[in-house]
Amino acid sequence: TARVNDIRAKNGLTPLMRIRSLDKAAYQHASYMAKTDRMSHDGFASRVSIIRWQSENPGSKYVGENCGKCAGTLLDTGVVKAAVNRWMKSDGHRDAILNPVYNRTGIASVTNEGNVYIVQVFAGDGVKAGRRLPAVSATPAFSGTPQ
């Protein structure tokens, strides 16, 4: 979250607040991807419905997620940073990170057989400076070793 918030700050955006229920949603999906050894946004609509009704996420009109799969382990300190760097090179992922409608986030990573599966979930009510802004929906997943 710190890396993403640094990027948002450099682009004049407010930081994302980390929320436990969004961490849980990210963890559940990262675990699913690790178990199936497959990058996907499977079940995104169900996650959106659950997130919108959780007490920690009132007014979560907009929800998005970034998914990643990187070679390595969680002991490799650069894996998450590399994933965020890779997301910033992808239009859809960058749009989610820099979308001003989001003000809450959750992130999780799970390892399986030499790969790290990373999911970041975004949520927000879409209000900034008293007006509604357009939202980016689910963004494409990436697979491979980040550069």
# chains A, B, ... in the order shown; residues from 1 in each chain; ligands from 1
$ closest_atom_pairs --of "stretch 34-133 of chain A" --to "stretch 3-12 of chain A" --cutoff "8 Å" --atoms "only C-alpha atoms" --output "JSON lines"
{"residue": "A:Lys81", "atom": "CA", "partner": "A:Arg3", "partner_atom": "CA", "distance": 7.1}
{"residue": "A:Val84", "atom": "CA", "partner": "A:Val4", "partner_atom": "CA", "distance": 7.2}
{"residue": "A:Ile97", "atom": "CA", "partner": "A:Val4", "partner_atom": "CA", "distance": 6.8}
{"residue": "A:Leu98", "atom": "CA", "partner": "A:Arg8", "partner_atom": "CA", "distance": 6.0}
$ residues_around --residues "stretch 16-26 of chain A" --least-positions-apart "3" --cutoff "9 Å" --atoms "only C-alpha atoms" --output "list in words"
Thr1, Val4, Asn5, Arg8, His29, Ala30, Ser31, Arg47, Ile50, Ile51, Gln54, Glu56, Asn57, Glu65, Tyr102, Asn103, Arg104, Thr105, Gly106, Ile107, Ala108, Ser109, Ile118, Val119, Gln120, Val121, Phe122 and Ala123 of chain A
$ atom_distance --atom1 "atom CA of A:Gly124" --atom2 "atom CA of A:Ala2"
18.0 Å
$ select_by_dssp --residues "stretch 4-106 of chain A" --states "alpha helix (DSSP H)" --output "MDAnalysis selection string"
chainID A and resid 4:10 20:36 44:53 78:88 91:97
$ atom_distance --atom1 "atom CA of A:Asp95" --atom2 "atom CA of A:Asn112"
28.2 Å
$ closest_residue --among "A:Lys35, A:Ser49, A:His41, A:Val63" --to "A:Pro100" --atoms "only C-alpha atoms"
A:Val63
